Amino acid sequence: MEMQPVLVFDSGIGGLTVLREARVLMPERNFVYVADDAAFPYGNWEEAALTERLLALFGELISRYKPVVCVIACNTAFTLAGSELRETYPNMTFVGTVPAIKPAAERTRSGLVSVLATPGTVKRAYTRELIQSFASQCHVRLVGSENLARMAEGYIRGGKLEDAAVLAEISSCFVEKDGKKTDIVVLACTHYPFLANIFRKLAPWPVDWLDPAEAIARQARRLVPMTDHLKSDGEADIAHFTSGQPDFATRRLLQGFGLVV
């Protein structure tokens, strides 16, 4: 167990935000970053087909890499298939990602909270249950963006974004009601924090953009045993892309994160 890596999984490269935080908290561990780019974006999938894919894929990943823990850095994947994954692989520890609705409800002063997510996360019963359990006293607006995850993927790789295109995706997050305004927007997709500076620039008024990456990493740290073994400088972290063919811009980005494809 001392030598087992931490596996961080996402539909694309958005989960690098979680990897970055996890490395800070678990410097003694190796990491395997898995991007299911062959199936990206998940929003285009039927739920049953995507669940079947995720269950089969994790069977392969667990067998191949034998991780100490699997961090699912994808709201869509975990809210859809988290329970099934835990039932199918009871000997594996899974750390999930869900919309940070509870901390948002605890922090808001205006009582107006928006959840910026993918359409899949917005329509999931899991998300509605979180609101009912932890934010019943708040006005919560769910905003499902069809395009932001794909836009973020391109931006991270060095592409350009038009302000108007981004604003069209986030404008519904800003609510004015009874003299109060939205003061917290939950970033319920790990791709979105890469666009946070653009969001701040375009927002009609200042809000707290709630990034769950640090909280996910802290939960993983609590579940991963401490070890006296420290990885050496020669032990590289691995990136696994399900397409097997990440493009040049993606490879360059991964190198910047210290990952070997």
# chains A, B, ... in the order shown; residues from 1 in each chain; ligands from 1
$ residues_around --residues "Leu85 in chain A" --least-positions-apart "3" --cutoff "10 Å" --atoms "only C-alpha atoms" --output "PDB file with N, CA and C atoms, in the first residue's frame"
ATOM      1  N   THR A  51     -23.008   5.027 -17.591  1.00  0.00           N
ATOM      2  CA  THR A  51     -22.767   4.235 -16.384  1.00  0.00           C
ATOM      3  C   THR A  51     -22.069   2.930 -16.728  1.00  0.00           C
ATOM      4  N   LEU A  54     -18.426   3.636 -17.518  1.00  0.00           N
ATOM      5  CA  LEU A  54     -17.626   3.962 -16.342  1.00  0.00           C
ATOM      6  C   LEU A  54     -17.314   2.725 -15.510  1.00  0.00           C
ATOM      7  N   LEU A  55     -18.286   1.847 -15.350  1.00  0.00           N
ATOM      8  CA  LEU A  55     -18.052   0.631 -14.566  1.00  0.00           C
ATOM      9  C   LEU A  55     -16.991  -0.243 -15.229  1.00  0.00           C
ATOM     10  N   ALA A  56     -17.065  -0.383 -16.542  1.00  0.00           N
ATOM     11  CA  ALA A  56     -16.083  -1.205 -17.255  1.00  0.00           C
ATOM     12  C   ALA A  56     -14.707  -0.552 -17.231  1.00  0.00           C
ATOM     13  N   PHE A  58     -13.403   1.597 -15.068  1.00  0.00           N
ATOM     14  CA  PHE A  58     -12.740   1.546 -13.761  1.00  0.00           C
ATOM     15  C   PHE A  58     -12.258   0.144 -13.429  1.00  0.00           C
ATOM     16  N   GLY A  59     -12.932  -0.868 -13.946  1.00  0.00           N
ATOM     17  CA  GLY A  59     -12.419  -2.219 -13.765  1.00  0.00           C
ATOM     18  C   GLY A  59     -11.039  -2.363 -14.383  1.00  0.00           C
ATOM     19  N   PHE A  78     -19.530  11.179 -11.054  1.00  0.00           N
ATOM     20  CA  PHE A  78     -19.777  10.685  -9.702  1.00  0.00           C
ATOM     21  C   PHE A  78     -21.244  10.756  -9.324  1.00  0.00           C
ATOM     22  N   LEU A  80     -23.661  10.443 -11.224  1.00  0.00           N
ATOM     23  CA  LEU A  80     -24.345   9.406 -11.989  1.00  0.00           C
ATOM     24  C   LEU A  80     -24.011   8.008 -11.489  1.00  0.00           C
ATOM     25  N   ALA A  81     -22.727   7.714 -11.331  1.00  0.00           N
ATOM     26  CA  ALA A  81     -22.298   6.322 -11.149  1.00  0.00           C
ATOM     27  C   ALA A  81     -21.535   6.057  -9.859  1.00  0.00           C
ATOM     28  N   GLY A  82     -21.440   7.024  -8.977  1.00  0.00           N
ATOM     29  CA  GLY A  82     -20.668   6.832  -7.754  1.00  0.00           C
ATOM     30  C   GLY A  82     -21.137   5.638  -6.924  1.00  0.00           C
ATOM     31  N   THR A  88     -19.819  -2.086  -7.088  1.00  0.00           N
ATOM     32  CA  THR A  88     -19.129  -3.009  -7.996  1.00  0.00           C
ATOM     33  C   THR A  88     -17.715  -3.316  -7.523  1.00  0.00           C
ATOM     34  N   TYR A  89     -17.068  -2.313  -6.921  1.00  0.00           N
ATOM     35  CA  TYR A  89     -15.674  -2.475  -6.472  1.00  0.00           C
ATOM     36  C   TYR A  89     -15.589  -2.141  -4.978  1.00  0.00           C
ATOM     37  N   PRO A  90     -16.146  -3.002  -4.126  1.00  0.00           N
ATOM     38  CA  PRO A  90     -16.235  -2.694  -2.692  1.00  0.00           C
ATOM     39  C   PRO A  90     -14.886  -2.606  -1.995  1.00  0.00           C
ATOM     40  N   MET A  92     -12.316  -1.016  -3.198  1.00  0.00           N
ATOM     41  CA  MET A  92     -11.655   0.215  -3.617  1.00  0.00           C
ATOM     42  C   MET A  92     -12.287   1.415  -2.909  1.00  0.00           C
ATOM     43  N   THR A  93     -11.461   2.335  -2.502  1.00  0.00           N
ATOM     44  CA  THR A  93     -11.949   3.575  -1.900  1.00  0.00           C
ATOM     45  C   THR A  93     -12.127   4.625  -2.985  1.00  0.00           C
ATOM     46  N   PHE A  94     -13.336   5.177  -3.072  1.00  0.00           N
ATOM     47  CA  PHE A  94     -13.628   6.223  -4.053  1.00  0.00           C
ATOM     48  C   PHE A  94     -13.873   7.543  -3.336  1.00  0.00           C
TER      49      PHE A  94
END
$ closest_residue --among "A:Gln255, A:Ser11, A:Thr121, A:Gln219" --to "Val69 in chain A" --atoms "only C-alpha atoms"
A:Gln219
$ closest_residue --among "A:Pro212, A:Ile101, A:Asn147, A:Val113" --to "Ser133 in chain A" --atoms "only C-alpha atoms"
A:Ile101
$ closest_residue --among "A:Leu202, A:Asp228, A:Gln137, A:Leu61" --to "Glu162 in chain A" --atoms "only C-alpha atoms"
A:Leu202
$ residues_around --residues "Ala165 in chain A" --least-positions-apart "3" --cutoff "12 Å" --atoms "only C-alpha atoms" --output "PDB file with N, CA, C and O atoms, in the first residue's frame"
ATOM      1  N   SER A 145     -24.664  24.500 -18.386  1.00  0.00           N
ATOM      2  CA  SER A 145     -24.008  25.002 -19.593  1.00  0.00           C
ATOM      3  C   SER A 145     -23.691  23.860 -20.548  1.00  0.00           C
ATOM      4  O   SER A 145     -23.018  22.900 -20.179  1.00  0.00           O
ATOM      5  N   GLU A 146     -24.139  23.988 -21.758  1.00  0.00           N
ATOM      6  CA  GLU A 146     -23.852  22.987 -22.788  1.00  0.00           C
ATOM      7  C   GLU A 146     -22.408  23.062 -23.274  1.00  0.00           C
ATOM      8  O   GLU A 146     -21.838  22.067 -23.721  1.00  0.00           O
ATOM      9  N   ASN A 147     -21.798  24.239 -23.176  1.00  0.00           N
ATOM     10  CA  ASN A 147     -20.551  24.488 -23.905  1.00  0.00           C
ATOM     11  C   ASN A 147     -19.317  24.775 -23.057  1.00  0.00           C
ATOM     12  O   ASN A 147     -18.202  24.690 -23.565  1.00  0.00           O
ATOM     13  N   LEU A 148     -19.488  25.128 -21.788  1.00  0.00           N
ATOM     14  CA  LEU A 148     -18.348  25.622 -21.018  1.00  0.00           C
ATOM     15  C   LEU A 148     -17.225  24.604 -20.846  1.00  0.00           C
ATOM     16  O   LEU A 148     -16.047  24.962 -20.897  1.00  0.00           O
ATOM     17  N   MET A 151     -15.302  24.562 -23.965  1.00  0.00           N
ATOM     18  CA  MET A 151     -14.603  25.835 -24.098  1.00  0.00           C
ATOM     19  C   MET A 151     -13.379  25.874 -23.187  1.00  0.00           C
ATOM     20  O   MET A 151     -12.309  26.355 -23.575  1.00  0.00           O
ATOM     21  N   ALA A 152     -13.540  25.354 -21.974  1.00  0.00           N
ATOM     22  CA  ALA A 152     -12.420  25.326 -21.028  1.00  0.00           C
ATOM     23  C   ALA A 152     -11.305  24.426 -21.529  1.00  0.00           C
ATOM     24  O   ALA A 152     -10.124  24.750 -21.391  1.00  0.00           O
ATOM     25  N   LYS A 160      -8.259  30.597 -27.767  1.00  0.00           N
ATOM     26  CA  LYS A 160      -8.821  31.880 -27.366  1.00  0.00           C
ATOM     27  C   LYS A 160     -10.327  31.752 -27.165  1.00  0.00           C
ATOM     28  O   LYS A 160     -10.996  30.947 -27.808  1.00  0.00           O
ATOM     29  N   LEU A 161     -10.848  32.597 -26.271  1.00  0.00           N
ATOM     30  CA  LEU A 161     -12.277  32.625 -26.011  1.00  0.00           C
ATOM     31  C   LEU A 161     -12.804  34.038 -26.201  1.00  0.00           C
ATOM     32  O   LEU A 161     -12.162  35.008 -25.796  1.00  0.00           O
ATOM     33  N   GLU A 162     -13.968  34.133 -26.792  1.00  0.00           N
ATOM     34  CA  GLU A 162     -14.631  35.423 -26.922  1.00  0.00           C
ATOM     35  C   GLU A 162     -15.419  35.703 -25.633  1.00  0.00           C
ATOM     36  O   GLU A 162     -16.137  34.841 -25.136  1.00  0.00           O
ATOM     37  N   ALA A 168     -22.474  34.478 -22.331  1.00  0.00           N
ATOM     38  CA  ALA A 168     -23.734  33.822 -22.674  1.00  0.00           C
ATOM     39  C   ALA A 168     -23.958  32.568 -21.835  1.00  0.00           C
ATOM     40  O   ALA A 168     -25.109  32.195 -21.560  1.00  0.00           O
ATOM     41  N   GLU A 169     -22.864  31.920 -21.420  1.00  0.00           N
ATOM     42  CA  GLU A 169     -22.971  30.692 -20.628  1.00  0.00           C
ATOM     43  C   GLU A 169     -23.190  30.965 -19.140  1.00  0.00           C
ATOM     44  O   GLU A 169     -23.775  30.134 -18.444  1.00  0.00           O
ATOM     45  N   ILE A 170     -22.714  32.093 -18.639  1.00  0.00           N
ATOM     46  CA  ILE A 170     -22.753  32.335 -17.193  1.00  0.00           C
ATOM     47  C   ILE A 170     -23.752  33.404 -16.768  1.00  0.00           C
ATOM     48  O   ILE A 170     -24.001  33.571 -15.571  1.00  0.00           O
ATOM     49  N   SER A 171     -24.339  34.134 -17.702  1.00  0.00           N
ATOM     50  CA  SER A 171     -25.178  35.280 -17.334  1.00  0.00           C
ATOM     51  C   SER A 171     -26.376  34.891 -16.475  1.00  0.00           C
ATOM     52  O   SER A 171     -26.814  35.663 -15.615  1.00  0.00           O
ATOM     53  N   ILE A 198     -11.611  34.758 -16.030  1.00  0.00           N
ATOM     54  CA  ILE A 198     -12.499  35.317 -17.050  1.00  0.00           C
ATOM     55  C   ILE A 198     -13.878  35.560 -16.459  1.00  0.00           C
ATOM     56  O   ILE A 198     -14.511  36.600 -16.714  1.00  0.00           O
ATOM     57  N   PHE A 199     -14.363  34.627 -15.654  1.00  0.00           N
ATOM     58  CA  PHE A 199     -15.657  34.808 -15.001  1.00  0.00           C
ATOM     59  C   PHE A 199     -15.661  36.076 -14.151  1.00  0.00           C
ATOM     60  O   PHE A 199     -16.621  36.853 -14.174  1.00  0.00           O
ATOM     61  N   LEU A 202     -15.963  39.240 -16.206  1.00  0.00           N
ATOM     62  CA  LEU A 202     -17.228  39.435 -16.910  1.00  0.00           C
ATOM     63  C   LEU A 202     -18.435  39.558 -15.975  1.00  0.00           C
ATOM     64  O   LEU A 202     -19.504  39.978 -16.414  1.00  0.00           O
TER      65      LEU A 202
END
$ atom_distance --atom1 "CA of Val186 in chain A" --atom2 "CA of Ala104 in chain A"
7.0 Å
$ atom_distance --atom1 "CA of Ala149 in chain A" --atom2 "CA of Thr190 in chain A"
8.6 Å
$ residues_around --residues "Val6 in chain A" --least-positions-apart "5" --cutoff "6 Å" --atoms "only C-alpha atoms" --output "NGL selection string"
:A and (31 or 67-69)
$ residues_around --residues "Ala215 in chain A" --least-positions-apart "3" --cutoff "10 Å" --atoms "only C-alpha atoms" --output "tab-separated table (two decimals) with N, CA and C atoms, in the first residue's frame"
chain	number	residue	atom	x	y	z
A	18	VAL	N	-7.81	19.41	-9.49
A	18	VAL	CA	-7.81	18.58	-8.30
A	18	VAL	C	-6.44	17.93	-8.10
A	21	GLU	N	-4.02	20.27	-6.32
A	21	GLU	CA	-4.21	20.39	-4.87
A	21	GLU	C	-3.81	19.10	-4.15
A	22	ALA	N	-4.12	17.96	-4.76
A	22	ALA	CA	-3.82	16.68	-4.12
A	22	ALA	C	-2.31	16.46	-3.98
A	97	THR	N	-16.84	13.72	-6.32
A	97	THR	CA	-16.99	15.15	-6.49
A	97	THR	C	-18.47	15.44	-6.69
A	100	ALA	N	-20.69	21.80	-4.62
A	100	ALA	CA	-20.40	22.30	-3.26
A	100	ALA	C	-21.56	23.15	-2.75
A	211	ASP	N	-14.68	26.97	-5.72
A	211	ASP	CA	-13.93	25.89	-6.39
A	211	ASP	C	-13.77	24.73	-5.40
A	212	PRO	N	-14.25	23.54	-5.75
A	212	PRO	CA	-14.22	22.42	-4.80
A	212	PRO	C	-12.90	21.66	-4.75
A	218	ARG	N	-8.49	17.39	0.19
A	218	ARG	CA	-8.44	17.17	1.64
A	218	ARG	C	-9.11	15.86	2.02
A	219	GLN	N	-10.25	15.57	1.38
A	219	GLN	CA	-10.93	14.32	1.67
A	219	GLN	C	-10.08	13.12	1.25
A	220	ALA	N	-9.41	13.23	0.11
A	220	ALA	CA	-8.52	12.16	-0.33
A	220	ALA	C	-7.39	11.97	0.66
A	221	ARG	N	-6.82	13.06	1.15
A	221	ARG	CA	-5.72	12.98	2.12
A	221	ARG	C	-6.18	12.26	3.39
$ select_by_dssp --residues "range 29-192 of chain A" --states "strand (DSSP E)" --output "ChimeraX atom specification"
/A:31-35,69-72,94-95,112-117,139-144,176-177,180-181,184-188
$ residues_around --residues "Thr76 in chain A" --least-positions-apart "5" --cutoff "12 Å" --atoms "only C-alpha atoms" --output "ChimeraX atom specification"
/A:9-12,40-47,50-51,54,81-82,96-99,117-127,144,149,188-191
$ closest_residue --among "A:Val185, A:Met226, A:Ala77, A:Leu210" --to "Ala48 in chain A" --atoms "only C-alpha atoms"
A:Ala77
$ residues_around --residues "Gly244 in chain A" --least-positions-apart "2" --cutoff "10 Å" --atoms "only C-alpha atoms" --output "list in words"
Ala35, Asp36, Asp37, Ala38, His240, Phe241, Thr242, Pro246, Asp247 and Val261 of chain A
$ closest_residue --among "A:Cys70, A:Val115, A:Ala217, A:Val143" --to "Val24 in chain A" --atoms "only C-alpha atoms"
A:Ala217
$ atom_distance --atom1 "CA of Gly14 in chain A" --atom2 "CA of Asn75 in chain A"
10.9 Å
$ decode --residues "range 92-114 of chain A" --atoms "N, CA and C atoms" --output "short mmCIF file (atom, residue, chain, number, x, y, z; two decimals), in the first residue's frame"
data_model
loop_
_atom_site.label_atom_id
_atom_site.label_comp_id
_atom_site.auth_asym_id
_atom_site.auth_seq_id
_atom_site.Cartn_x
_atom_site.Cartn_y
_atom_site.Cartn_z
N MET A 92 -12.32 -1.02 -3.20
CA MET A 92 -11.66 0.21 -3.62
C MET A 92 -12.29 1.42 -2.91
N THR A 93 -11.46 2.33 -2.50
CA THR A 93 -11.95 3.57 -1.90
C THR A 93 -12.13 4.62 -2.98
N PHE A 94 -13.34 5.18 -3.07
CA PHE A 94 -13.63 6.22 -4.05
C PHE A 94 -13.87 7.54 -3.34
N VAL A 95 -13.24 8.59 -3.84
CA VAL A 95 -13.51 9.95 -3.37
C VAL A 95 -14.26 10.65 -4.49
N GLY A 96 -15.46 11.10 -4.18
CA GLY A 96 -16.30 11.68 -5.21
C GLY A 96 -16.26 13.20 -5.25
N THR A 97 -16.84 13.72 -6.32
CA THR A 97 -16.99 15.15 -6.49
C THR A 97 -18.47 15.44 -6.69
N VAL A 98 -19.01 16.26 -5.81
CA VAL A 98 -20.40 16.67 -5.93
C VAL A 98 -20.45 18.19 -5.85
N PRO A 99 -21.50 18.81 -6.37
CA PRO A 99 -21.60 20.27 -6.29
C PRO A 99 -21.49 20.76 -4.84
N ALA A 100 -20.69 21.80 -4.62
CA ALA A 100 -20.40 22.30 -3.26
C ALA A 100 -21.56 23.15 -2.75
N ILE A 101 -22.72 22.55 -2.69
CA ILE A 101 -23.93 23.27 -2.29
C ILE A 101 -23.96 23.52 -0.78
N LYS A 102 -23.51 22.55 0.00
CA LYS A 102 -23.51 22.73 1.46
C LYS A 102 -22.63 23.90 1.89
N PRO A 103 -21.34 23.95 1.48
CA PRO A 103 -20.53 25.12 1.89
C PRO A 103 -21.06 26.43 1.32
N ALA A 104 -21.65 26.40 0.15
CA ALA A 104 -22.23 27.63 -0.42
C ALA A 104 -23.37 28.14 0.45
N ALA A 105 -24.23 27.23 0.90
CA ALA A 105 -25.35 27.62 1.75
C ALA A 105 -24.87 28.15 3.09
N GLU A 106 -23.75 27.63 3.58
CA GLU A 106 -23.20 28.10 4.86
C GLU A 106 -22.56 29.48 4.74
N ARG A 107 -22.06 29.82 3.55
CA ARG A 107 -21.32 31.07 3.38
C ARG A 107 -22.17 32.23 2.88
N THR A 108 -23.24 31.93 2.16
CA THR A 108 -23.99 33.01 1.52
C THR A 108 -24.58 33.97 2.54
N ARG A 109 -24.55 35.23 2.21
CA ARG A 109 -25.19 36.25 3.04
C ARG A 109 -26.52 36.69 2.45
N SER A 110 -26.60 36.69 1.14
CA SER A 110 -27.82 37.12 0.49
C SER A 110 -28.87 36.02 0.40
N GLY A 111 -28.41 34.76 0.52
CA GLY A 111 -29.32 33.64 0.36
C GLY A 111 -29.57 33.27 -1.09
N LEU A 112 -28.88 33.95 -2.01
CA LEU A 112 -29.01 33.68 -3.44
C LEU A 112 -27.74 32.98 -3.92
N VAL A 113 -27.88 31.72 -4.28
CA VAL A 113 -26.74 30.89 -4.70
C VAL A 113 -27.03 30.34 -6.09
N SER A 114 -26.02 30.33 -6.94
CA SER A 114 -26.16 29.68 -8.25
C SER A 114 -25.18 28.53 -8.35
#
